[in-house]
Structures are given as structure tokens and as C-alpha cells.
Amino acid sequence: MRRNMPNLADIARLAGVSTATVDRVLHRREGVRQTTVQRVLHAAGELQYLPEPALEAVRAVPPTQVLFVLPGRSSKFLRMLGEWVQCSQNQWAPYHVNCRVQFIQGFDPDALSAALLRRGRGCNGVAFMPLEHPKVREAVDTLADEGVAAVTLVSDLSHSRRIAYVGLDNGSAGRTAAYLIARFVGAKRHAKVALIAGSLSYKAHVEREAGFLQLFSEQYPQMQVVGLREGYDDEAVNYRQTRALLEQHPDLAAIYNIGGGSEGVGQALKEAGMQHKVVFIGHGLTPDTRALLIDGSMDAVITQSPQSAIMNCVRIFANLREKRDLSAGIEANRSQVIFRENLP
């Protein structure tokens, strides 16, 4: 005799899934696409398998918890990016993702790896700007073993188990900076050019330097690169580095600041009366670099949209949860070259 009460098999038939899938959904276990979850719950409700309060409890799947780990003081662009995450929580609601930010000391692999392990273990995923260091790589691999996905942001991490990278093609960004400097200085002129990196422990900065030098070697061999210095994205350090460069090379024609702290470079150029004589290219459109563009101390800023970068991270984690292709709905991270005349 047929039973009147529905069972898992009845729900499975109506939803078009297996009984094992129905069991996973009703016991709120992970590993089922959200669209499938909704189909199963709809079938369970239609068959009145569970009372409405119980169904609502099953539907109340907690949002995906994503932690952004970013340097707190070293780069104003990165600080701005983190603050944008904090004030835009309502934008993540359609993706069922909850984002929070952990600011840490920059250029410290111990602090970064500790933050990833300590805070990342309580999340479904982490997005962070990595340092090229074995401790950071090991932390990412440990999180992967524990089911916590990692996305690298702005700079990538070699030979790691991160699931995606969100950021510019940094080699292309470096080549763009070299091209701009050559055109501003004069392509046929023999000129001295200096580079200041935030830190070569960032893969992004290494790639920008490599792209810059590659374009000079290919197209402008008459340009002389007089040295690469590290400023650690620090305004005061970049100020001192620029003053030293100007003293050592009074005929310096251009500076490419690969990282942050551009206001220190601008201050040194202005104090030396060289702000309209030395071509200055940098990265990241912030209130400070905007002011430098407006007063003419800076010639161009290569930047990317912080909003698009964060949104891409959110979409990647949502795609991972829904078992979609990670690149579904992801916008290409395009660099923008900003001059005084096209400031947004």
C-alpha cells in the first residue's frame, strides 16, 4: 500500500536529483550548487515534507565569509581599496557574500602568513596582496588543505595553490610606463631614468620593472637606467631616495615610481625646483597622486579600478560556491592611464 507521507525519493524525483543530494541539502551540508539547493527546497515545500519553519531554517544558509588581508599603511591605494570593501557591504548581498578587512603591517611575511592562518581559518575564502616568501606560500597551501580558498590581489604569488589572481598584467603596466617616459622625454634623446620600487618582494613590482626594462632594451636602448631603489611605498623614504637621485644625477630626466608613496617623490622634485623638468610616472590614482597631477609635479598615473577588483574577488568566491567556472562574470582588469587633462 502506498504511503501518504512523502520521502526523500519523492523529493528527488520532483527536483530531478539523487536522494543523496536531497539528504545533503536537508542536512545543510556543503558541496551542492545553490540553484540545486533551491530546487530541492522547492520540491520539499511542495510535497510538504517539512513544516514551513523547518524549511526556512534550511534555507537560511549562511553567506560566504571572505576576508581581505591588506597592508594598512604602506600604500594609500591599498588602504583606499580596503576602506571601499568596508563601506560597500550592501553591494555583496546579491552574491550572498560577506566581506571584511584585516589591515596588517606591510612588507612583513611573518605578519601576513600569521594573519592568513589565524583569521583565514574562520572564513570560506581570503583575498590578499602577497609577498613572495616561503612562509606566505606555505600559509596559502595550508588553507587550501583545510578548504579555505585564496585569491591573490594586485600582485600574484608564484607556485602556490591560490585559485585566482585579480589584478593588472604588471609586465604590460611596466612597458606602458617606459613608453610614456620615452615619449615625454623624447624618443631619440640619450637620457637618464631612475626607478623606485615599493619592494621587490612583491611579484607585481618585479614584473613592472622587467616590463619597463624590456621595452627600453627593445625600442629605446639610448635611454640609460641609472638604478633601481626600494622605497617600501613610504612617502618619507621615497622623498630621501629622490633627493639622493637628484644629487647623484643632476641631469636626471625621468622617474618611474613602481609602487606607492608618490607624494614623497613629488615633494622632493618640488623642493629641488625640478617638478616640471623631470618626467614623473607612477601608479594608483588616490587623492595624493591626483593633487600631484593637478599641480604638474606628476605627468601620468597608471591605475586600475578598486571597485572592479573587489567585485571580481566577490564573484570568484560566489562562483566557487555555486560550482561555476571561476571566470564567469569576471571583468578583465584593465589599466588606465590618467593625465591631468582626463582626470575622472
# chains A, B, ... in the order shown; residues from 1 in each chain; ligands from 1
>>> select_by_dssp(residues="stretch 103-239 of chain A", states="strand (DSSP E or B)", output="list in words")
Phe103, Ile104, Gly125, Val126, Ala127, Phe128, Ala149, Ala150, Val151, Thr152, Leu153, Ala164, Tyr165, Val166, Lys192, Val193, Ala194, Leu195, Ile196, Ala197, Gln224, Val225, Val226, Gly227, Leu228, Arg229 and Glu230 of chain A
>>> residues_around(residues="stretch 249-263 of chain A", least_positions_apart="6", cutoff="7 Å", atoms="only C-alpha atoms", output="number ranges by chain")
A: 75, 181, 185, 191-198, 205, 208, 233-235, 238, 278-283, 288-289
>>> residues_around(residues="A:Gln89", least_positions_apart="3", cutoff="9 Å", atoms="only C-alpha atoms", output="MDAnalysis selection string")
chainID A and resid 85:86 92:93 97:100
>>> select_by_dssp(residues="stretch 89-241 of chain A", states="helix (DSSP H, G or I)", output="PyMOL selection string")
chain A and resi 89-95+109-120+134-145+170-185+203-219+235-241
>>> atom_distance(atom1="atom CA of A:Cys87", atom2="atom CA of A:Gly122")
21.4 Å
>>> atom_distance(atom1="atom CA of A:Glu247", atom2="atom CA of A:Ser297")
18.3 Å
>>> closest_residue(among="A:His42, A:Arg290, A:Arg119, A:Arg240", to="A:Glu271", atoms="only C-alpha atoms")
A:Arg240
>>> residues_around(residues="A:Asn124", least_positions_apart="5", cutoff="9 Å", atoms="only C-alpha atoms", output="mmCIF file with N, CA, C and O atoms, in the first residue's frame")
data_model
loop_
_atom_site.group_PDB
_atom_site.id
_atom_site.type_symbol
_atom_site.label_atom_id
_atom_site.label_comp_id
_atom_site.auth_asym_id
_atom_site.auth_seq_id
_atom_site.Cartn_x
_atom_site.Cartn_y
_atom_site.Cartn_z
ATOM 1 N N THR A 64 28.753 33.313 2.327
ATOM 2 C CA THR A 64 30.176 33.005 2.212
ATOM 3 C C THR A 64 30.974 34.115 2.894
ATOM 4 O O THR A 64 30.779 35.295 2.614
ATOM 5 N N GLN A 65 31.858 33.726 3.791
ATOM 6 C CA GLN A 65 32.661 34.690 4.540
ATOM 7 C C GLN A 65 34.015 34.873 3.846
ATOM 8 O O GLN A 65 34.767 33.915 3.675
ATOM 9 N N VAL A 66 34.294 36.104 3.436
ATOM 10 C CA VAL A 66 35.534 36.410 2.727
ATOM 11 C C VAL A 66 36.324 37.443 3.523
ATOM 12 O O VAL A 66 35.784 38.478 3.928
ATOM 13 N N LEU A 67 37.598 37.159 3.726
ATOM 14 C CA LEU A 67 38.489 38.068 4.433
ATOM 15 C C LEU A 67 39.488 38.676 3.452
ATOM 16 O O LEU A 67 40.157 37.949 2.712
ATOM 17 N N GLY A 147 40.385 23.629 3.107
ATOM 18 C CA GLY A 147 39.181 24.019 2.382
ATOM 19 C C GLY A 147 38.932 25.511 2.308
ATOM 20 O O GLY A 147 37.825 25.940 1.960
ATOM 21 N N VAL A 148 39.935 26.331 2.609
ATOM 22 C CA VAL A 148 39.804 27.789 2.520
ATOM 23 C C VAL A 148 40.496 28.255 1.248
ATOM 24 O O VAL A 148 41.706 28.097 1.100
ATOM 25 N N ALA A 149 39.724 28.824 0.334
ATOM 26 C CA ALA A 149 40.265 29.243 -0.962
ATOM 27 C C ALA A 149 40.957 30.604 -0.841
ATOM 28 O O ALA A 149 40.551 31.451 -0.046
ATOM 29 N N PHE A 317 34.506 34.080 -5.547
ATOM 30 C CA PHE A 317 34.106 33.251 -4.403
ATOM 31 C C PHE A 317 32.653 32.768 -4.551
ATOM 32 O O PHE A 317 32.332 31.640 -4.159
#
>>> residues_around(residues="A:Ala111", least_positions_apart="4", cutoff="12 Å", atoms="only C-alpha atoms", output="PyMOL selection string")
chain A and resi 69-72+102-107+115-119+130-131+133+135-136+139
>>> write_last_selection(atoms="N, CA, C and O atoms", output="PDB file, in the first residue's frame")
ATOM      1  N   VAL A  69      42.960  40.651   3.307  1.00  0.00           N
ATOM      2  CA  VAL A  69      44.136  40.957   4.124  1.00  0.00           C
ATOM      3  C   VAL A  69      45.021  41.899   3.318  1.00  0.00           C
ATOM      4  O   VAL A  69      45.545  41.521   2.262  1.00  0.00           O
ATOM      5  N   LEU A  70      45.184  43.140   3.819  1.00  0.00           N
ATOM      6  CA  LEU A  70      45.883  44.170   3.050  1.00  0.00           C
ATOM      7  C   LEU A  70      46.842  44.959   3.931  1.00  0.00           C
ATOM      8  O   LEU A  70      46.609  45.097   5.138  1.00  0.00           O
ATOM      9  N   PRO A  71      47.923  45.480   3.332  1.00  0.00           N
ATOM     10  CA  PRO A  71      48.817  46.358   4.098  1.00  0.00           C
ATOM     11  C   PRO A  71      48.060  47.581   4.583  1.00  0.00           C
ATOM     12  O   PRO A  71      47.298  48.196   3.835  1.00  0.00           O
ATOM     13  N   GLY A  72      48.273  47.947   5.841  1.00  0.00           N
ATOM     14  CA  GLY A  72      47.476  49.016   6.422  1.00  0.00           C
ATOM     15  C   GLY A  72      47.977  50.414   6.157  1.00  0.00           C
ATOM     16  O   GLY A  72      47.203  51.352   6.085  1.00  0.00           O
ATOM     17  N   GLN A 102      41.154  42.863   7.091  1.00  0.00           N
ATOM     18  CA  GLN A 102      42.180  42.847   8.134  1.00  0.00           C
ATOM     19  C   GLN A 102      43.381  43.618   7.597  1.00  0.00           C
ATOM     20  O   GLN A 102      44.006  43.194   6.616  1.00  0.00           O
ATOM     21  N   PHE A 103      43.681  44.767   8.199  1.00  0.00           N
ATOM     22  CA  PHE A 103      44.867  45.519   7.823  1.00  0.00           C
ATOM     23  C   PHE A 103      46.046  45.035   8.660  1.00  0.00           C
ATOM     24  O   PHE A 103      45.921  44.824   9.878  1.00  0.00           O
ATOM     25  N   ILE A 104      47.191  44.850   8.016  1.00  0.00           N
ATOM     26  CA  ILE A 104      48.382  44.351   8.699  1.00  0.00           C
ATOM     27  C   ILE A 104      49.584  45.226   8.347  1.00  0.00           C
ATOM     28  O   ILE A 104      49.523  46.057   7.440  1.00  0.00           O
ATOM     29  N   GLN A 105      50.685  44.991   9.043  1.00  0.00           N
ATOM     30  CA  GLN A 105      51.935  45.668   8.730  1.00  0.00           C
ATOM     31  C   GLN A 105      52.433  45.226   7.360  1.00  0.00           C
ATOM     32  O   GLN A 105      52.492  44.032   7.074  1.00  0.00           O
ATOM     33  N   GLY A 106      52.782  46.174   6.513  1.00  0.00           N
ATOM     34  CA  GLY A 106      53.245  45.834   5.175  1.00  0.00           C
ATOM     35  C   GLY A 106      54.669  45.291   5.164  1.00  0.00           C
ATOM     36  O   GLY A 106      55.445  45.518   6.097  1.00  0.00           O
ATOM     37  N   PHE A 107      55.001  44.547   4.140  1.00  0.00           N
ATOM     38  CA  PHE A 107      56.351  44.020   3.887  1.00  0.00           C
ATOM     39  C   PHE A 107      56.858  43.115   5.017  1.00  0.00           C
ATOM     40  O   PHE A 107      58.042  43.008   5.251  1.00  0.00           O
ATOM     41  N   ALA A 115      48.428  36.229   9.820  1.00  0.00           N
ATOM     42  CA  ALA A 115      47.059  36.723   9.634  1.00  0.00           C
ATOM     43  C   ALA A 115      46.244  35.768   8.758  1.00  0.00           C
ATOM     44  O   ALA A 115      45.071  35.513   9.032  1.00  0.00           O
ATOM     45  N   LEU A 116      46.870  35.246   7.717  1.00  0.00           N
ATOM     46  CA  LEU A 116      46.170  34.306   6.836  1.00  0.00           C
ATOM     47  C   LEU A 116      45.735  33.071   7.610  1.00  0.00           C
ATOM     48  O   LEU A 116      44.590  32.604   7.474  1.00  0.00           O
ATOM     49  N   LEU A 117      46.617  32.534   8.428  1.00  0.00           N
ATOM     50  CA  LEU A 117      46.296  31.308   9.156  1.00  0.00           C
ATOM     51  C   LEU A 117      45.345  31.573  10.324  1.00  0.00           C
ATOM     52  O   LEU A 117      44.403  30.804  10.549  1.00  0.00           O
ATOM     53  N   ARG A 118      45.574  32.647  11.059  1.00  0.00           N
ATOM     54  CA  ARG A 118      44.763  32.913  12.244  1.00  0.00           C
ATOM     55  C   ARG A 118      43.348  33.359  11.875  1.00  0.00           C
ATOM     56  O   ARG A 118      42.356  32.851  12.409  1.00  0.00           O
ATOM     57  N   ARG A 119      43.251  34.304  10.946  1.00  0.00           N
ATOM     58  CA  ARG A 119      41.940  34.848  10.600  1.00  0.00           C
ATOM     59  C   ARG A 119      41.305  34.111   9.430  1.00  0.00           C
ATOM     60  O   ARG A 119      40.077  34.010   9.341  1.00  0.00           O
ATOM     61  N   PRO A 130      49.962  39.357  -1.801  1.00  0.00           N
ATOM     62  CA  PRO A 130      51.004  38.503  -1.228  1.00  0.00           C
ATOM     63  C   PRO A 130      52.408  39.062  -1.378  1.00  0.00           C
ATOM     64  O   PRO A 130      52.692  39.857  -2.270  1.00  0.00           O
ATOM     65  N   LEU A 131      53.264  38.631  -0.479  1.00  0.00           N
ATOM     66  CA  LEU A 131      54.702  38.798  -0.612  1.00  0.00           C
ATOM     67  C   LEU A 131      55.277  37.488  -1.130  1.00  0.00           C
ATOM     68  O   LEU A 131      54.808  36.406  -0.747  1.00  0.00           O
ATOM     69  N   HIS A 133      57.292  34.887  -0.597  1.00  0.00           N
ATOM     70  CA  HIS A 133      58.041  34.356   0.541  1.00  0.00           C
ATOM     71  C   HIS A 133      57.538  32.948   0.851  1.00  0.00           C
ATOM     72  O   HIS A 133      56.331  32.680   0.765  1.00  0.00           O
ATOM     73  N   LYS A 135      57.003  31.423   3.635  1.00  0.00           N
ATOM     74  CA  LYS A 135      56.009  31.362   4.709  1.00  0.00           C
ATOM     75  C   LYS A 135      54.615  31.712   4.203  1.00  0.00           C
ATOM     76  O   LYS A 135      53.621  31.118   4.622  1.00  0.00           O
ATOM     77  N   VAL A 136      54.552  32.670   3.297  1.00  0.00           N
ATOM     78  CA  VAL A 136      53.256  33.057   2.727  1.00  0.00           C
ATOM     79  C   VAL A 136      52.719  31.942   1.837  1.00  0.00           C
ATOM     80  O   VAL A 136      51.536  31.581   1.895  1.00  0.00           O
ATOM     81  N   ALA A 139      51.413  29.168   3.994  1.00  0.00           N
ATOM     82  CA  ALA A 139      50.127  29.515   4.600  1.00  0.00           C
ATOM     83  C   ALA A 139      48.979  29.302   3.616  1.00  0.00           C
ATOM     84  O   ALA A 139      47.922  28.770   3.977  1.00  0.00           O
TER      85      ALA A 139
END
>>> closest_atom_pairs(of="stretch 234-342 of chain A", to="stretch 154-163 of chain A", cutoff="10 Å", atoms="only C-alpha atoms", output="tab-separated table")
residue	atom	partner	partner_atom	distance
A:Gln304	CA	A:Val154	CA	9.4
A:Pro306	CA	A:Val154	CA	9.7
A:Ala309	CA	A:Val154	CA	8.3
A:Ile316	CA	A:Ile163	CA	8.9
A:Phe317	CA	A:Ile163	CA	9.6
A:Leu320	CA	A:Ile163	CA	9.3
A:Leu326	CA	A:Ile163	CA	8.4
A:Asn333	CA	A:Val154	CA	9.9
>>> write_last_selection(atoms="N, CA, C and O atoms", output="PDB file, in the first residue's frame")
ATOM      1  N   GLN A 304      44.100  51.234 -11.756  1.00  0.00           N
ATOM      2  CA  GLN A 304      43.017  50.292 -12.026  1.00  0.00           C
ATOM      3  C   GLN A 304      41.864  50.622 -11.095  1.00  0.00           C
ATOM      4  O   GLN A 304      42.050  51.315 -10.086  1.00  0.00           O
ATOM      5  N   PRO A 306      39.552  50.125  -8.155  1.00  0.00           N
ATOM      6  CA  PRO A 306      39.464  49.299  -6.948  1.00  0.00           C
ATOM      7  C   PRO A 306      38.105  48.612  -6.828  1.00  0.00           C
ATOM      8  O   PRO A 306      38.008  47.480  -6.354  1.00  0.00           O
ATOM      9  N   ALA A 309      38.107  45.502  -9.000  1.00  0.00           N
ATOM     10  CA  ALA A 309      38.955  44.461  -8.427  1.00  0.00           C
ATOM     11  C   ALA A 309      38.246  43.732  -7.301  1.00  0.00           C
ATOM     12  O   ALA A 309      38.247  42.485  -7.237  1.00  0.00           O
ATOM     13  N   ILE A 316      34.307  35.674  -7.866  1.00  0.00           N
ATOM     14  CA  ILE A 316      35.078  34.431  -7.895  1.00  0.00           C
ATOM     15  C   ILE A 316      34.650  33.519  -6.745  1.00  0.00           C
ATOM     16  O   ILE A 316      34.433  32.314  -6.941  1.00  0.00           O
ATOM     17  N   PHE A 317      34.506  34.080  -5.547  1.00  0.00           N
ATOM     18  CA  PHE A 317      34.106  33.251  -4.403  1.00  0.00           C
ATOM     19  C   PHE A 317      32.653  32.768  -4.551  1.00  0.00           C
ATOM     20  O   PHE A 317      32.332  31.640  -4.159  1.00  0.00           O
ATOM     21  N   LEU A 320      32.799  29.924  -6.995  1.00  0.00           N
ATOM     22  CA  LEU A 320      33.342  28.727  -6.351  1.00  0.00           C
ATOM     23  C   LEU A 320      32.260  28.013  -5.550  1.00  0.00           C
ATOM     24  O   LEU A 320      32.142  26.782  -5.613  1.00  0.00           O
ATOM     25  N   LEU A 326      35.188  29.654 -12.506  1.00  0.00           N
ATOM     26  CA  LEU A 326      35.608  30.776 -11.669  1.00  0.00           C
ATOM     27  C   LEU A 326      35.613  32.101 -12.424  1.00  0.00           C
ATOM     28  O   LEU A 326      35.472  33.160 -11.817  1.00  0.00           O
ATOM     29  N   ASN A 333      40.641  43.056 -15.817  1.00  0.00           N
ATOM     30  CA  ASN A 333      41.242  44.178 -15.095  1.00  0.00           C
ATOM     31  C   ASN A 333      42.090  45.002 -16.064  1.00  0.00           C
ATOM     32  O   ASN A 333      43.192  44.617 -16.426  1.00  0.00           O
TER      33      ASN A 333
END
>>> residues_around(residues="A:Leu47", least_positions_apart="5", cutoff="9 Å", atoms="only C-alpha atoms", output="PyMOL selection string")
chain A and resi 5-6+10-11+14+42
